[in-house]
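As structure tokens, the structure follows; a few thoughts come after it.
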Amino acid sequence: MNTPAFPPLSAHPTLTVVVPVYNERTTVATALEALAAKRIPGWKIEIIIVESNSTDGSRDIVLGFSDRPNVQILLEDRPRGKGHAVRAGLARASGDVLLIQDADLEYDLADYEKLLAPLRAGTHTFVLGSRHGNSLFIRKFDEQVLHAFILNAGHWFFTALVDVSLGLTLRDPFTMYKVFRRECLAGLKFEANRFDFDWELLIKLVRKGHRPLEVPVRYTSRSFKEGKKVSMFRDPPSWLWAWAKYRFQRL
């Protein structure tokens with residue numbers, strides 16, 4: 001599988017960061033302040049925040065960033081899922097490189113530079129921020145050990161499914177940090193609305209020829225008690241359906 005060739009990035013490329021927000025009142029202000037203050041030498045940054053009509057006051061916090069430079073705010077009339085919010089943000093993105101950033105403080109913005117380096121160098125068009133480090137266990141919940149084990153076991157199973165079916169050797173295909181050239185999206189249509197969008201995006205980019213490079217990133221997992229939104233019962237069946245559908249349907 002050959003990776004499509006793109007022209008080199010400009011001398012001062014733009015990074016578009018898409019931030020879906022729904023009921024993140026305890027973390028969103030800190031996350032957005034850090035993002036608004038982020039500077040990357042040689043890069044311009046465009047921030048697109050997609051707020052999905054939260055019920056906990058997150059929308060008011062997001063609106064407080066409306067006068068910040070290089071910030072766009074999209075207001076959804078109702079929550080349709082993280083995937084729907086990310087798709088809305090990607091549709092408005094004008095940057096040369098796109099990055100997805102949650103507002104829950106699980107990931108560290110200090111990793112942007114090393115995620116962008118392979119794209120800047122022109123060696124890769126698609127980068128994933130791998131949460132593993134030196135451990136097999138991504139999630140460690142001090143108060144919900146069983147929940148953490150189930151999520152980790154599911155991660156191993158679904159990772160093997162993706163790797164075997166796509167001929168990959170990834171350790172963390174479902175990381176939130178997916179960073180790619182905007183041209184990667186050309187000709188692709190997306191439809192997934194929940195966390196199955198992670199599957200749709202990954203599978204379609206890989207099938208189009210963009211083999212991702214994994215770059216280790218820092219990650220602090222939050223538990224369900226702390227606001228984790230993945231459903232242990234609702235979401236896994238949708239992931240299996242997404243795999244079957246997007247792996248084999250015509251692009």
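How things are named: the first chain in the structure tokens is A, the next is B, and so on; residues count from 1 in each chain; ligands count from 1 in the order shown.
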
Name the residues of range 62-194 of chain A that come out as alpha helix (DSSP H) in a backbone DSSP run; write them as a PyMOL selection string. chain A and resi 62-63+82-92+112-121+145-166

Within 10 Å of Ile49 in chain A using only C-alpha atoms, minus same-chain residues under 5 positions, as a list of chain:residue names: A:Val17, A:Val18, A:Val19, A:Pro20, A:Val21, A:Leu32, A:Val62, A:Leu63, A:Phe65, A:Ser66, A:Val71, A:Gln72, A:Ile73, A:Leu74, A:Leu75, A:Ala85, A:Val86, A:Ala88, A:Gly89, A:Gln101, A:Asp102, A:Ala103

Residue nearest Leu119 in chain A among A:Ala160, A:Ala186, A:Val179, A:Ile100 (counting only C-alpha atoms): A:Val179

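Neighbouring residues of Cys184 in chain A at 9 Å or closer, counting only C-alpha atoms and skipping chain neighbours under 5 positions away, are Pro4, Thr125, Phe126, Leu205, Lys208 and His210 of chain A.
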
Neighbour list for range 195-203 of chain A as a JSON list (two decimals) with all heavy atoms, in the first residue's frame, cut-off 9 Å, only C-alpha atoms, skip fewer than 6 positions in-chain:
```json
[["chain", "number", "residue", "atom", "x", "y", "z"],
["A", 81, "GLY", "N", -23.62, 13.18, 19.65],
["A", 81, "GLY", "CA", -22.48, 12.30, 19.80],
["A", 81, "GLY", "C", -21.17, 13.00, 19.45],
["A", 81, "GLY", "O", -21.14, 13.97, 18.69],
["A", 82, "LYS", "N", -20.08, 12.48, 20.02],
["A", 82, "LYS", "CA", -18.76, 13.08, 19.78],
["A", 82, "LYS", "C", -18.41, 13.05, 18.30],
["A", 82, "LYS", "O", -17.86, 14.01, 17.76],
["A", 82, "LYS", "CB", -17.70, 12.33, 20.58],
["A", 82, "LYS", "CG", -16.30, 12.83, 20.32],
["A", 82, "LYS", "CD", -15.25, 12.01, 21.04],
["A", 82, "LYS", "CE", -13.85, 12.45, 20.61],
["A", 82, "LYS", "NZ", -12.79, 11.66, 21.28],
["A", 83, "GLY", "N", -18.70, 11.93, 17.62],
["A", 83, "GLY", "CA", -18.36, 11.83, 16.22],
["A", 83, "GLY", "C", -19.04, 12.89, 15.38],
["A", 83, "GLY", "O", -18.44, 13.47, 14.48],
["A", 84, "HIS", "N", -20.31, 13.16, 15.68],
["A", 84, "HIS", "CA", -21.04, 14.19, 14.95],
["A", 84, "HIS", "C", -20.39, 15.56, 15.16],
["A", 84, "HIS", "O", -20.24, 16.35, 14.22],
["A", 84, "HIS", "CB", -22.50, 14.23, 15.41],
["A", 84, "HIS", "CG", -23.38, 15.12, 14.60],
["A", 84, "HIS", "ND1", -23.45, 16.48, 14.82],
["A", 84, "HIS", "CD2", -24.20, 14.86, 13.56],
["A", 84, "HIS", "CE1", -24.30, 17.01, 13.96],
["A", 84, "HIS", "NE2", -24.76, 16.06, 13.17],
["A", 86, "VAL", "N", -17.23, 16.19, 15.98],
["A", 86, "VAL", "CA", -15.93, 16.24, 15.30],
["A", 86, "VAL", "C", -16.13, 16.42, 13.80],
["A", 86, "VAL", "O", -15.42, 17.21, 13.16],
["A", 86, "VAL", "CB", -15.11, 14.97, 15.60],
["A", 86, "VAL", "CG1", -13.85, 14.94, 14.73],
["A", 86, "VAL", "CG2", -14.73, 14.92, 17.07],
["A", 87, "ARG", "N", -17.09, 15.73, 13.24],
["A", 87, "ARG", "CA", -17.36, 15.89, 11.80],
["A", 87, "ARG", "C", -17.73, 17.32, 11.46],
["A", 87, "ARG", "O", -17.31, 17.88, 10.44],
["A", 87, "ARG", "CB", -18.46, 14.93, 11.36],
["A", 87, "ARG", "CG", -18.03, 13.48, 11.36],
["A", 87, "ARG", "CD", -18.97, 12.59, 10.57],
["A", 87, "ARG", "NE", -20.28, 12.43, 11.18],
["A", 87, "ARG", "CZ", -21.41, 12.86, 10.67],
["A", 87, "ARG", "NH1", -21.41, 13.55, 9.52],
["A", 87, "ARG", "NH2", -22.56, 12.63, 11.28],
["A", 162, "VAL", "N", -8.49, -4.78, 14.35],
["A", 162, "VAL", "CA", -8.11, -3.76, 13.38],
["A", 162, "VAL", "C", -6.79, -4.11, 12.71],
["A", 162, "VAL", "O", -6.64, -4.04, 11.48],
["A", 162, "VAL", "CB", -8.03, -2.38, 14.05],
["A", 162, "VAL", "CG1", -7.30, -1.37, 13.17],
["A", 162, "VAL", "CG2", -9.43, -1.86, 14.37],
["A", 166, "LEU", "N", -6.47, -5.03, 8.68],
["A", 166, "LEU", "CA", -5.91, -3.97, 7.84],
["A", 166, "LEU", "C", -4.42, -4.14, 7.59],
["A", 166, "LEU", "O", -3.80, -3.30, 6.92],
["A", 166, "LEU", "CB", -6.16, -2.60, 8.49],
["A", 166, "LEU", "CG", -7.61, -2.12, 8.53],
["A", 166, "LEU", "CD1", -7.74, -0.85, 9.36],
["A", 166, "LEU", "CD2", -8.16, -1.87, 7.13],
["A", 173, "PRO", "N", -4.88, 2.15, 18.14],
["A", 173, "PRO", "CA", -5.57, 2.77, 17.01],
["A", 173, "PRO", "C", -6.72, 3.68, 17.40],
["A", 173, "PRO", "O", -7.19, 4.46, 16.59],
["A", 173, "PRO", "CB", -6.08, 1.55, 16.22],
["A", 173, "PRO", "CG", -6.19, 0.46, 17.22],
["A", 173, "PRO", "CD", -5.07, 0.70, 18.20],
["A", 174, "PHE", "N", -7.18, 3.59, 18.64],
["A", 174, "PHE", "CA", -8.37, 4.34, 19.05],
["A", 174, "PHE", "C", -8.04, 5.56, 19.89],
["A", 174, "PHE", "O", -8.92, 6.13, 20.53],
["A", 174, "PHE", "CB", -9.31, 3.40, 19.81],
["A", 174, "PHE", "CG", -9.51, 2.09, 19.12],
["A", 174, "PHE", "CD1", -9.06, 0.92, 19.71],
["A", 174, "PHE", "CD2", -10.07, 2.02, 17.86],
["A", 174, "PHE", "CE1", -9.20, -0.30, 19.05],
["A", 174, "PHE", "CE2", -10.21, 0.82, 17.20],
["A", 174, "PHE", "CZ", -9.77, -0.35, 17.80],
["A", 175, "THR", "N", -6.79, 5.97, 19.89],
["A", 175, "THR", "CA", -6.41, 7.19, 20.58],
["A", 175, "THR", "C", -7.19, 8.39, 20.05],
["A", 175, "THR", "O", -7.54, 8.45, 18.87],
["A", 175, "THR", "CB", -4.90, 7.45, 20.40],
["A", 175, "THR", "OG1", -4.56, 8.72, 20.96],
["A", 175, "THR", "CG2", -4.51, 7.45, 18.92],
["A", 176, "MET", "N", -7.44, 9.34, 20.92],
["A", 176, "MET", "CA", -8.09, 10.57, 20.49],
["A", 176, "MET", "C", -7.18, 11.40, 19.60],
["A", 176, "MET", "O", -7.62, 12.06, 18.66],
["A", 176, "MET", "CB", -8.52, 11.39, 21.71],
["A", 176, "MET", "CG", -9.22, 12.69, 21.42],
["A", 176, "MET", "SD", -8.10, 14.10, 21.28],
["A", 176, "MET", "CE", -7.39, 14.16, 22.91],
["A", 178, "LYS", "N", -5.54, 11.93, 16.78],
["A", 178, "LYS", "CA", -5.38, 11.58, 15.38],
["A", 178, "LYS", "C", -5.01, 12.88, 14.65],
["A", 178, "LYS", "O", -5.76, 13.86, 14.70],
["A", 178, "LYS", "CB", -6.65, 10.97, 14.81],
["A", 178, "LYS", "CG", -6.97, 9.59, 15.40],
["A", 178, "LYS", "CD", -8.25, 9.02, 14.81],
["A", 178, "LYS", "CE", -8.45, 7.58, 15.26],
["A", 178, "LYS", "NZ", -8.62, 7.44, 16.72],
["A", 212, "PRO", "N", -0.60, 5.02, 9.42],
["A", 212, "PRO", "CA", -0.25, 5.93, 10.51],
["A", 212, "PRO", "C", 1.05, 5.57, 11.21],
["A", 212, "PRO", "O", 1.40, 4.39, 11.35],
["A", 212, "PRO", "CB", -1.44, 5.79, 11.47],
["A", 212, "PRO", "CG", -1.98, 4.41, 11.20],
["A", 212, "PRO", "CD", -1.74, 4.15, 9.74],
["A", 230, "VAL", "N", -17.74, 6.88, 27.51],
["A", 230, "VAL", "CA", -17.90, 5.63, 26.76],
["A", 230, "VAL", "C", -18.81, 4.70, 27.54],
["A", 230, "VAL", "O", -18.68, 4.54, 28.75],
["A", 230, "VAL", "CB", -16.53, 4.96, 26.53],
["A", 230, "VAL", "CG1", -16.70, 3.56, 25.96],
["A", 230, "VAL", "CG2", -15.68, 5.79, 25.60],
["A", 235, "ASP", "N", -21.56, 0.91, 23.42],
["A", 235, "ASP", "CA", -20.59, 1.24, 22.38],
["A", 235, "ASP", "C", -19.89, 0.05, 21.72],
["A", 235, "ASP", "O", -19.71, 0.06, 20.50],
["A", 235, "ASP", "CB", -19.56, 2.23, 22.92],
["A", 235, "ASP", "CG", -20.14, 3.63, 23.07],
["A", 235, "ASP", "OD1", -20.78, 4.10, 22.12],
["A", 235, "ASP", "OD2", -19.99, 4.24, 24.14],
["A", 236, "PRO", "N", -19.45, -0.99, 22.45],
["A", 236, "PRO", "CA", -18.73, -2.08, 21.77],
["A", 236, "PRO", "C", -19.48, -2.71, 20.59],
["A", 236, "PRO", "O", -18.85, -2.95, 19.55],
["A", 236, "PRO", "CB", -18.48, -3.09, 22.90],
["A", 236, "PRO", "CG", -18.33, -2.21, 24.11],
["A", 236, "PRO", "CD", -19.36, -1.14, 23.92],
["A", 238, "SER", "N", -21.47, -1.24, 18.56],
["A", 238, "SER", "CA", -21.40, -0.27, 17.46],
["A", 238, "SER", "C", -20.00, -0.26, 16.86],
["A", 238, "SER", "O", -19.83, 0.01, 15.66],
["A", 238, "SER", "CB", -21.79, 1.13, 17.94],
["A", 238, "SER", "OG", -20.78, 1.70, 18.75],
["A", 239, "TRP", "N", -18.98, -0.57, 17.66],
["A", 239, "TRP", "CA", -17.62, -0.64, 17.13],
["A", 239, "TRP", "C", -17.46, -1.85, 16.21],
["A", 239, "TRP", "O", -16.81, -1.74, 15.15],
["A", 239, "TRP", "CB", -16.61, -0.72, 18.27],
["A", 239, "TRP", "CG", -16.63, 0.48, 19.16],
["A", 239, "TRP", "CD1", -17.11, 1.73, 18.87],
["A", 239, "TRP", "CD2", -16.18, 0.54, 20.51],
["A", 239, "TRP", "NE1", -16.97, 2.56, 19.94],
["A", 239, "TRP", "CE2", -16.40, 1.87, 20.98],
["A", 239, "TRP", "CE3", -15.61, -0.38, 21.38],
["A", 239, "TRP", "CZ2", -16.07, 2.27, 22.27],
["A", 239, "TRP", "CZ3", -15.27, 0.01, 22.66],
["A", 239, "TRP", "CH2", -15.50, 1.33, 23.09],
["A", 240, "LEU", "N", -18.04, -2.97, 16.59],
["A", 240, "LEU", "CA", -17.98, -4.15, 15.73],
["A", 240, "LEU", "C", -18.69, -3.89, 14.41],
["A", 240, "LEU", "O", -18.21, -4.27, 13.33],
["A", 240, "LEU", "CB", -18.60, -5.36, 16.44],
["A", 240, "LEU", "CG", -17.76, -6.00, 17.54],
["A", 240, "LEU", "CD1", -18.59, -7.05, 18.27],
["A", 240, "LEU", "CD2", -16.49, -6.62, 16.97],
["A", 241, "TRP", "N", -19.83, -3.22, 14.49],
["A", 241, "TRP", "CA", -20.58, -2.90, 13.27],
["A", 241, "TRP", "C", -19.77, -1.93, 12.41],
["A", 241, "TRP", "O", -19.72, -2.06, 11.18],
["A", 241, "TRP", "CB", -21.93, -2.30, 13.63],
["A", 241, "TRP", "CG", -22.68, -1.76, 12.45],
["A", 241, "TRP", "CD1", -23.00, -0.45, 12.21],
["A", 241, "TRP", "CD2", -23.19, -2.49, 11.33],
["A", 241, "TRP", "NE1", -23.67, -0.33, 11.02],
["A", 241, "TRP", "CE2", -23.81, -1.56, 10.46],
["A", 241, "TRP", "CE3", -23.19, -3.84, 10.99],
["A", 241, "TRP", "CZ2", -24.42, -1.94, 9.28],
["A", 241, "TRP", "CZ3", -23.80, -4.23, 9.81],
["A", 241, "TRP", "CH2", -24.41, -3.29, 8.96],
["A", 242, "ALA", "N", -19.15, -0.94, 13.05],
["A", 242, "ALA", "CA", -18.34, 0.03, 12.31],
["A", 242, "ALA", "C", -17.17, -0.67, 11.61],
["A", 242, "ALA", "O", -16.85, -0.37, 10.45],
["A", 242, "ALA", "CB", -17.82, 1.11, 13.25],
["A", 243, "TRP", "N", -16.53, -1.61, 12.31],
["A", 243, "TRP", "CA", -15.42, -2.35, 11.69],
["A", 243, "TRP", "C", -15.91, -3.11, 10.46],
["A", 243, "TRP", "O", -15.31, -3.01, 9.38],
["A", 243, "TRP", "CB", -14.81, -3.33, 12.69],
["A", 243, "TRP", "CG", -13.90, -4.32, 12.01],
["A", 243, "TRP", "CD1", -12.62, -4.09, 11.57],
["A", 243, "TRP", "CD2", -14.22, -5.66, 11.65],
["A", 243, "TRP", "NE1", -12.12, -5.22, 10.96],
["A", 243, "TRP", "CE2", -13.08, -6.19, 11.00],
["A", 243, "TRP", "CE3", -15.35, -6.46, 11.83],
["A", 243, "TRP", "CZ2", -13.05, -7.50, 10.52],
["A", 243, "TRP", "CZ3", -15.31, -7.77, 11.36],
["A", 243, "TRP", "CH2", -14.18, -8.27, 10.71],
["A", 245, "LYS", "N", -18.56, -2.66, 8.64],
["A", 245, "LYS", "CA", -19.07, -1.79, 7.59],
["A", 245, "LYS", "C", -17.96, -1.05, 6.86],
["A", 245, "LYS", "O", -17.86, -1.09, 5.62],
["A", 245, "LYS", "CB", -20.06, -0.79, 8.19],
["A", 245, "LYS", "CG", -20.70, 0.14, 7.16],
["A", 245, "LYS", "CD", -21.74, 1.04, 7.82],
["A", 245, "LYS", "CE", -22.46, 1.89, 6.79],
["A", 245, "LYS", "NZ", -23.50, 2.76, 7.40],
["A", 246, "TYR", "N", -17.09, -0.37, 7.62],
["A", 246, "TYR", "CA", -16.11, 0.51, 6.97],
["A", 246, "TYR", "C", -14.90, -0.25, 6.45],
["A", 246, "TYR", "O", -14.20, 0.25, 5.56],
["A", 246, "TYR", "CB", -15.70, 1.61, 7.93],
["A", 246, "TYR", "CG", -16.89, 2.42, 8.40],
["A", 246, "TYR", "CD1", -17.17, 2.59, 9.75],
["A", 246, "TYR", "CD2", -17.75, 2.99, 7.47],
["A", 246, "TYR", "CE1", -18.28, 3.31, 10.16],
["A", 246, "TYR", "CE2", -18.87, 3.71, 7.87],
["A", 246, "TYR", "CZ", -19.13, 3.88, 9.22],
["A", 246, "TYR", "OH", -20.23, 4.58, 9.62],
["A", 247, "ARG", "N", -14.66, -1.44, 6.98],
["A", 247, "ARG", "CA", -13.55, -2.23, 6.45],
["A", 247, "ARG", "C", -13.87, -2.79, 5.07],
["A", 247, "ARG", "O", -12.98, -2.90, 4.21],
["A", 247, "ARG", "CB", -13.21, -3.40, 7.40],
["A", 247, "ARG", "CG", -12.16, -4.38, 6.87],
["A", 247, "ARG", "CD", -10.86, -3.67, 6.60],
["A", 247, "ARG", "NE", -9.87, -4.52, 5.95],
["A", 247, "ARG", "CZ", -9.75, -4.68, 4.65],
["A", 247, "ARG", "NH1", -10.59, -4.04, 3.81],
["A", 247, "ARG", "NH2", -8.82, -5.45, 4.13]]
```

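For range 1-113 of chain A, backbone-based DSSP assignment of strand (DSSP E) covers Thr14, Leu15, Thr16, Val17, Val18, Val19, Pro20, Val21, Lys44, Ile45, Glu46, Ile47, Ile48, Ile49, Val50, Glu51, Val71, Gln72, Ile73, Leu74, Leu75, Val97, Leu98, Leu99 and Ile100 of chain A.
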
Considering only C-alpha atoms, return as a list in words whatever protein or nucleic-acid residues lie within 12 Å of Arg250 in chain A, sequence-local ones (same chain, fewer than 6 positions apart) excluded.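 Residues meeting the cut-off are Leu188, Lys189, Ile203, Lys204, Arg207, Lys208 and Ala244 of chain A.
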
Let's have the selection written as a PDB file, in the first residue's frame, with N, CA, C and O atoms.
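Writing done, so here's result16.pdb:
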```pdb
ATOM      1  N   LEU A 188     -13.537  11.542   0.747  1.00  0.00           N
ATOM      2  CA  LEU A 188     -14.128  10.670   1.765  1.00  0.00           C
ATOM      3  C   LEU A 188     -15.367  11.327   2.380  1.00  0.00           C
ATOM      4  O   LEU A 188     -15.406  12.535   2.590  1.00  0.00           O
ATOM      5  N   LYS A 189     -16.361  10.519   2.664  1.00  0.00           N
ATOM      6  CA  LYS A 189     -17.556  10.969   3.376  1.00  0.00           C
ATOM      7  C   LYS A 189     -17.658  10.196   4.677  1.00  0.00           C
ATOM      8  O   LYS A 189     -17.367   9.006   4.725  1.00  0.00           O
ATOM      9  N   ILE A 203     -10.136   3.644   9.693  1.00  0.00           N
ATOM     10  CA  ILE A 203     -10.228   2.638   8.637  1.00  0.00           C
ATOM     11  C   ILE A 203     -10.222   3.286   7.256  1.00  0.00           C
ATOM     12  O   ILE A 203      -9.535   2.823   6.338  1.00  0.00           O
ATOM     13  N   LYS A 204     -10.955   4.376   7.103  1.00  0.00           N
ATOM     14  CA  LYS A 204     -11.029   4.999   5.781  1.00  0.00           C
ATOM     15  C   LYS A 204      -9.699   5.637   5.386  1.00  0.00           C
ATOM     16  O   LYS A 204      -9.294   5.564   4.222  1.00  0.00           O
ATOM     17  N   ARG A 207      -7.376   2.690   4.482  1.00  0.00           N
ATOM     18  CA  ARG A 207      -7.744   2.082   3.202  1.00  0.00           C
ATOM     19  C   ARG A 207      -7.417   3.000   2.023  1.00  0.00           C
ATOM     20  O   ARG A 207      -7.214   2.521   0.899  1.00  0.00           O
ATOM     21  N   LYS A 208      -7.352   4.297   2.297  1.00  0.00           N
ATOM     22  CA  LYS A 208      -6.993   5.246   1.243  1.00  0.00           C
ATOM     23  C   LYS A 208      -5.475   5.312   1.026  1.00  0.00           C
ATOM     24  O   LYS A 208      -4.999   5.966   0.110  1.00  0.00           O
ATOM     25  N   ALA A 244     -16.998  -3.857  10.606  1.00  0.00           N
ATOM     26  CA  ALA A 244     -17.500  -4.659   9.489  1.00  0.00           C
ATOM     27  C   ALA A 244     -17.919  -3.772   8.324  1.00  0.00           C
ATOM     28  O   ALA A 244     -17.643  -4.085   7.150  1.00  0.00           O
TER      29      ALA A 244
END
```

Would you mind listing what lies within 10 Å of Pro41 in chain A as a count of residues only, with only C-alpha atoms counted and same-chain residues fewer than 3 positions away left out? 3

Which residue of A:Pro13, A:Pro79, A:Pro8, A:Gly57 approaches Ile40 in chain A most closely, using only C-alpha atoms: A:Pro13

Can you pull out the residues contacting Thr14 in chain A? Cut-off 10 Å, using only C-alpha atoms, and skip same-chain residues under 4 positions away; I want them as a PyMOL selection string. chain A and resi 9-10+42-46+94-98

Restricted to N, CA and C atoms, what would the selected residues look like written as an mmCIF file, in the first residue's frame?
```cif
data_model
loop_
_atom_site.group_PDB
_atom_site.id
_atom_site.type_symbol
_atom_site.label_atom_id
_atom_site.label_comp_id
_atom_site.auth_asym_id
_atom_site.auth_seq_id
_atom_site.Cartn_x
_atom_site.Cartn_y
_atom_site.Cartn_z
ATOM 1 N N LEU A 9 4.542 20.932 3.129
ATOM 2 C CA LEU A 9 3.825 21.979 3.841
ATOM 3 C C LEU A 9 4.508 23.326 3.602
ATOM 4 N N SER A 10 3.726 24.393 3.724
ATOM 5 C CA SER A 10 4.267 25.739 3.543
ATOM 6 C C SER A 10 5.233 26.076 4.677
ATOM 7 N N GLY A 42 6.802 28.197 14.193
ATOM 8 C CA GLY A 42 6.643 27.869 12.779
ATOM 9 C C GLY A 42 5.236 27.501 12.370
ATOM 10 N N TRP A 43 4.304 27.461 13.326
ATOM 11 C CA TRP A 43 2.923 27.077 13.032
ATOM 12 C C TRP A 43 1.954 28.170 13.452
ATOM 13 N N LYS A 44 0.874 28.307 12.694
ATOM 14 C CA LYS A 44 -0.291 29.069 13.126
ATOM 15 C C LYS A 44 -1.333 28.068 13.630
ATOM 16 N N ILE A 45 -2.146 28.478 14.577
ATOM 17 C CA ILE A 45 -3.125 27.565 15.166
ATOM 18 C C ILE A 45 -4.534 28.130 15.006
ATOM 19 N N GLU A 46 -5.417 27.314 14.470
ATOM 20 C CA GLU A 46 -6.852 27.613 14.360
ATOM 21 C C GLU A 46 -7.582 26.660 15.301
ATOM 22 N N SER A 94 -9.818 24.849 8.095
ATOM 23 C CA SER A 94 -9.088 25.401 6.953
ATOM 24 C C SER A 94 -7.591 25.142 7.042
ATOM 25 N N GLY A 95 -7.145 24.480 8.106
ATOM 26 C CA GLY A 95 -5.729 24.279 8.319
ATOM 27 C C GLY A 95 -5.108 23.261 7.382
ATOM 28 N N ASP A 96 -3.785 23.279 7.313
ATOM 29 C CA ASP A 96 -3.037 22.312 6.513
ATOM 30 C C ASP A 96 -3.003 20.947 7.196
ATOM 31 N N VAL A 97 -3.000 20.971 8.527
ATOM 32 C CA VAL A 97 -2.975 19.759 9.338
ATOM 33 C C VAL A 97 -4.113 19.842 10.345
ATOM 34 N N LEU A 98 -4.784 18.710 10.590
ATOM 35 C CA LEU A 98 -5.933 18.660 11.492
ATOM 36 C C LEU A 98 -5.610 17.779 12.693
#
```

Hey, which of A:Pro237, A:Leu35, A:Gly187, A:Val28 ends up closest to Gly154 in chain A? Count only C-alpha atoms. A:Pro237

Could you tell me how far CA of Val164 in chain A sits from CA of Leu115 in chain A, in Å to one decimal place? 24.9 Å
